[in-house]
>>> print(open('input_28.txt').read())   # compact mmCIF, C-alpha atoms
# COMPACT_ATOMS: atom_id res chain seq x y z
CA MET A 10 44.31 36.58 -58.21
CA PRO A 11 42.41 39.81 -58.77
CA LYS A 12 44.29 42.98 -57.91
CA GLN A 13 43.09 44.53 -54.68
CA PRO A 14 44.02 48.04 -53.59
CA GLY A 15 46.72 47.96 -50.93
CA LEU A 16 47.35 44.22 -51.33
CA SER A 17 50.21 42.56 -53.08
CA PRO A 18 50.90 38.87 -53.75
CA VAL A 19 54.36 37.79 -52.58
CA ASN A 20 55.48 34.28 -53.66
CA GLY A 21 51.95 32.92 -53.37
CA ALA A 22 51.37 34.85 -50.13
CA ILE A 23 49.18 37.89 -49.63
CA GLN A 24 50.45 40.95 -47.82
CA ASP A 25 47.98 43.64 -46.79
CA GLY A 26 50.37 46.56 -46.31
CA SER A 27 50.87 45.83 -42.62
CA ASP A 28 53.20 43.19 -41.25
CA THR A 29 50.58 40.50 -41.86
CA VAL A 30 51.49 37.94 -44.49
CA ILE A 31 49.06 35.16 -45.29
CA THR A 32 50.95 32.29 -46.86
CA PRO A 33 49.33 29.45 -48.81
CA ALA A 34 49.86 27.20 -45.77
CA THR A 35 48.15 29.74 -43.50
CA ARG A 36 45.19 30.00 -45.87
CA ARG A 37 44.96 26.22 -45.79
CA SER A 38 45.22 25.69 -42.04
CA PHE A 39 42.98 28.49 -40.80
CA GLN A 40 39.36 29.27 -41.58
CA LEU A 41 39.40 32.82 -42.91
CA PRO A 42 36.27 34.99 -42.76
CA ALA A 43 34.08 34.70 -45.84
CA PRO A 44 34.36 38.43 -46.71
CA PHE A 45 38.15 38.05 -46.79
CA LEU A 46 37.96 35.01 -49.04
CA THR A 47 35.49 36.68 -51.37
CA SER A 48 37.19 40.07 -51.62
CA ILE A 49 40.81 38.97 -51.61
CA LEU A 50 40.94 35.46 -53.00
CA GLY A 51 37.99 35.70 -55.35
CA TYR A 52 35.87 32.84 -53.98
CA GLU A 53 33.35 32.30 -51.24
CA GLN A 54 33.52 29.96 -48.30
CA PRO A 55 31.21 26.98 -48.88
CA ARG A 56 27.74 27.32 -47.39
CA GLY A 57 26.47 25.02 -44.67
CA ASP A 58 28.64 23.79 -41.83
CA LYS A 59 31.35 26.48 -41.77
CA VAL A 60 33.39 25.14 -38.88
CA GLY A 61 35.55 22.17 -39.60
CA LEU A 62 38.74 20.24 -39.51
CA MET A 63 41.29 19.41 -42.17
CA LEU A 64 44.04 16.80 -42.17
CA PHE A 65 46.90 17.63 -44.50
CA PRO A 66 50.64 16.98 -44.97
CA GLY A 67 53.00 19.32 -43.15
CA ASP A 68 54.90 20.12 -46.33
CA ASP A 69 53.69 23.74 -46.76
CA ASP A 70 52.38 22.91 -50.26
CA VAL A 71 48.70 23.79 -50.73
CA ALA A 72 48.60 21.44 -53.73
CA SER A 73 49.23 18.40 -51.50
CA PRO A 74 46.23 16.14 -50.84
CA ASP A 75 43.98 16.83 -47.88
CA VAL A 76 40.77 15.60 -46.34
CA SER A 77 38.27 17.74 -44.47
CA TRP A 78 35.12 17.38 -42.44
CA SER A 79 32.83 19.52 -40.37
CA TYR A 80 33.40 18.73 -36.70
CA THR A 81 30.12 16.83 -36.74
CA GLY A 82 31.18 14.91 -39.85
CA PHE A 83 34.55 14.04 -38.29
CA SER A 84 32.79 12.80 -35.16
CA MET A 85 30.50 10.60 -37.23
CA PHE A 86 33.46 9.30 -39.25
CA ARG A 87 35.40 8.38 -36.10
CA LYS A 88 32.34 6.69 -34.57
CA TRP A 89 32.04 4.63 -37.76
CA LEU A 90 35.73 3.70 -37.67
CA ALA A 91 35.51 2.73 -33.99
CA GLN A 92 32.52 0.53 -34.78
CA ALA A 93 34.56 -1.14 -37.53
CA GLU A 94 37.24 -1.75 -34.88
CA GLY A 95 34.70 -3.40 -32.59
CA PHE A 96 34.01 -0.77 -29.95
CA THR A 97 31.76 2.22 -29.34
CA LEU A 98 33.56 5.56 -29.33
CA THR A 99 31.11 7.18 -26.89
CA GLU A 100 32.07 4.56 -24.27
CA MET A 101 35.69 5.71 -24.39
CA ASN A 102 37.39 8.08 -21.97
CA GLY A 103 37.38 11.54 -23.55
CA PHE A 104 34.23 10.81 -25.55
CA GLY A 105 31.71 10.66 -22.72
CA GLY A 106 32.53 7.21 -21.37
CA GLU A 107 34.92 5.77 -18.83
CA ARG A 108 36.51 2.96 -20.83
CA GLN A 109 40.28 3.44 -21.04
CA TRP A 110 42.03 3.47 -24.42
CA ARG A 111 44.52 0.84 -23.29
CA SER A 112 41.57 -1.61 -23.18
CA VAL A 113 41.20 -1.54 -26.98
CA SER A 114 43.70 -2.75 -29.52
CA THR A 115 43.65 -0.74 -32.73
CA THR A 116 46.31 0.83 -34.91
CA LEU A 117 43.79 3.64 -35.51
CA ALA A 118 44.06 4.91 -31.91
CA PRO A 119 46.20 7.97 -32.88
CA LEU A 120 43.33 9.13 -35.10
CA LEU A 121 40.41 7.97 -32.97
CA ASN A 122 41.78 9.29 -29.67
CA HIS A 123 42.90 12.67 -30.98
CA PRO A 124 41.47 16.05 -29.97
CA ASP A 125 39.49 17.65 -32.77
CA ASP A 126 41.19 21.02 -32.70
CA ASP A 127 44.45 20.59 -30.86
CA GLY A 128 46.98 17.98 -29.93
CA PRO A 129 50.00 16.51 -31.61
CA ASP A 130 50.21 16.01 -35.33
CA LEU A 131 50.45 12.45 -36.61
CA THR A 132 54.01 11.31 -37.26
CA PRO A 133 54.92 9.56 -40.52
CA ALA A 134 55.37 6.34 -38.47
CA GLN A 135 51.83 6.65 -37.04
CA CYS A 136 50.50 7.28 -40.55
CA ALA A 137 52.29 4.17 -41.83
CA THR A 138 50.92 2.06 -38.99
CA MET A 139 47.32 3.12 -39.71
CA LEU A 140 47.43 2.59 -43.48
CA PRO A 141 47.04 -1.22 -43.60
CA ARG A 142 44.00 -1.16 -41.29
CA LEU A 143 42.32 1.65 -43.21
CA GLU A 144 42.94 -0.22 -46.47
CA ALA A 145 41.42 -3.37 -44.94
CA ILE A 146 38.35 -1.42 -43.81
CA LEU A 147 38.04 0.02 -47.31
CA ASP A 148 38.27 -3.44 -48.88
CA GLN A 149 35.64 -4.84 -46.48
CA ARG A 150 33.18 -2.01 -47.08
CA GLN A 151 33.31 -1.84 -50.88
CA SER A 152 30.26 -4.12 -51.20
CA ASP A 153 28.18 -1.86 -48.90
CA ASP A 154 28.27 1.06 -51.31
CA SER A 155 24.51 1.24 -51.98
CA ASP A 156 23.93 3.21 -48.76
CA PRO A 157 24.79 6.93 -49.23
CA VAL A 158 26.19 7.18 -45.68
CA ILE A 159 28.48 4.20 -46.28
CA ARG A 160 29.50 5.66 -49.65
CA ARG A 161 30.48 8.90 -47.84
CA ARG A 162 32.51 6.99 -45.22
CA ILE A 163 34.24 4.96 -47.94
CA GLU A 164 35.18 8.16 -49.75
CA ASP A 165 36.45 9.65 -46.46
CA VAL A 166 38.64 6.56 -45.93
CA ARG A 167 39.96 6.82 -49.51
CA GLN A 168 40.88 10.47 -49.05
CA LEU A 169 42.44 9.81 -45.65
CA ILE A 170 44.52 6.97 -47.11
CA THR A 171 45.75 9.31 -49.85
CA VAL A 172 46.81 11.93 -47.28
CA LEU A 173 48.48 9.41 -44.95
CA ARG A 174 50.31 7.69 -47.81
CA PHE A 175 51.60 11.08 -49.00
CA CYS A 176 52.82 11.86 -45.46
CA VAL A 177 54.65 8.54 -45.31
CA ASP A 178 56.16 8.90 -48.80
CA GLU A 179 57.30 12.49 -48.15
CA ASP A 180 58.27 11.79 -44.50
CA VAL A 181 56.16 14.67 -43.16
CA GLN A 182 53.66 14.90 -40.34
CA CYS A 183 49.92 14.84 -40.89
CA ILE A 184 48.58 18.11 -39.53
CA PHE A 185 45.22 18.57 -37.80
CA GLY A 186 44.17 22.06 -38.82
>>> encode(input="input_28.txt", output="structure tokens")
Amino acid sequence: MPKQPGLSPVNGAIQDGSDTVITPATRRSFQLPAPFLTSILGYEQPRGDKVGLMLFPGDDDVASPDVSWSYTGFSMFRKWLAQAEGFTLTEMNGFGGERQWRSVSTTLAPLLNHPDDDGPDLTPAQCATMLPRLEAILDQRQSDDSDPVIRRRIEDVRQLITVLRFCVDEDVQCIFG
């Protein structure tokens, strides 16, 4: 990390001379302003959709696997997963419709019926329950990989499986951040 006047790295964290300490986990779970990233960390925030969501293990290790989307991308991903499960997400309560979640049977409900920016983290048991269905969806969709949208969804599922499997193996929650 480049030396910045008045800033000092402390065990992977950054301290700015005040009481503020930005740990690797904080950097990972919060969107920091682009000028901060550029001046302090030495890289710029990606261009394009700057607001998003990341799912990552609650192990405080920034090197652990993660998966991220813009909010729009996450919405499209969940709509695609719901379609694979045989229902339309926009018909569901909380997504513009009135259909109750108890009327659908899917192990993916903890992911599909989760607030984008708040709500409980996924437990290791919930992660373990979702893995077989996500793997089955991945296996079913492999032959559809000529469509760029399907290729993106397949990659999203692969990354999500990696994160969930890590959470199960390490017995940590999957954080929505």
>>> closest_residue(input="input_28.txt", among="A:Ala93, A:Tyr80, A:Asp125, A:Thr116", to="Leu147 in chain A", atoms="only C-alpha atoms")
A:Ala93
>>> closest_residue(input="input_28.txt", among="A:Val158, A:Leu117, A:Cys136, A:Leu62", to="Asp75 in chain A", atoms="all atoms listed in the file")
A:Leu62
>>> atom_distance(input="input_28.txt", atom1="CA of His123 in chain A", atom2="CA of Arg111 in chain A")
14.2 Å
>>> axis_aligned_box(input="input_28.txt", around="range 104-122 of chain A", padding_each_side="6 Å", output="JSON")
{"center_x": 39.0, "center_y": 4.0, "center_z": -27.2, "size_x": 26.6, "size_y": 25.6, "size_z": 28.7}
>>> atom_distance(input="input_28.txt", atom1="CA of Gln109 in chain A", atom2="CA of Leu121 in chain A")
12.8 Å
>>> residues_near_point(input="input_28.txt", point="(52.9, 20.6, -45.8)", cutoff="9 Å", atoms="only C-alpha atoms", output="list of chain:residue names")
A:Ala34, A:Phe65, A:Pro66, A:Gly67, A:Asp68, A:Asp69, A:Asp70, A:Val71, A:Ser73, A:Cys176, A:Val181, A:Gln182, A:Cys183, A:Ile184
>>> closest_residue(input="input_28.txt", among="A:Val60, A:Val177, A:Ala118, A:Ala134", to="Leu98 in chain A", atoms="all atoms listed in the file")
A:Ala118
>>> closest_residue(input="input_28.txt", among="A:Glu107, A:Asp180, A:Glu94, A:Asp126", to="Gly61 in chain A", atoms="all atoms listed in the file")
A:Asp126
>>> closest_residue(input="input_28.txt", among="A:Met63, A:Met101, A:Ile159, A:Leu143", to="Asp130 in chain A", atoms="all atoms listed in the file")
A:Met63
>>> closest_residue(input="input_28.txt", among="A:Arg160, A:Ser155, A:Ile146, A:Pro124", to="Phe104 in chain A", atoms="only C-alpha atoms")
A:Pro124
>>> atom_distance(input="input_28.txt", atom1="CA of Ala72 in chain A", atom2="CA of Ala137 in chain A")
21.3 Å
>>> residues_near_point(input="input_28.txt", point="(35.5, 3.3, -37.9)", cutoff="12 Å", atoms="all atoms listed in the file", output="PyMOL selection string")
chain A and resi 83-98+115-118+120-122+139+142-147+149-150+159+162-163+165-166
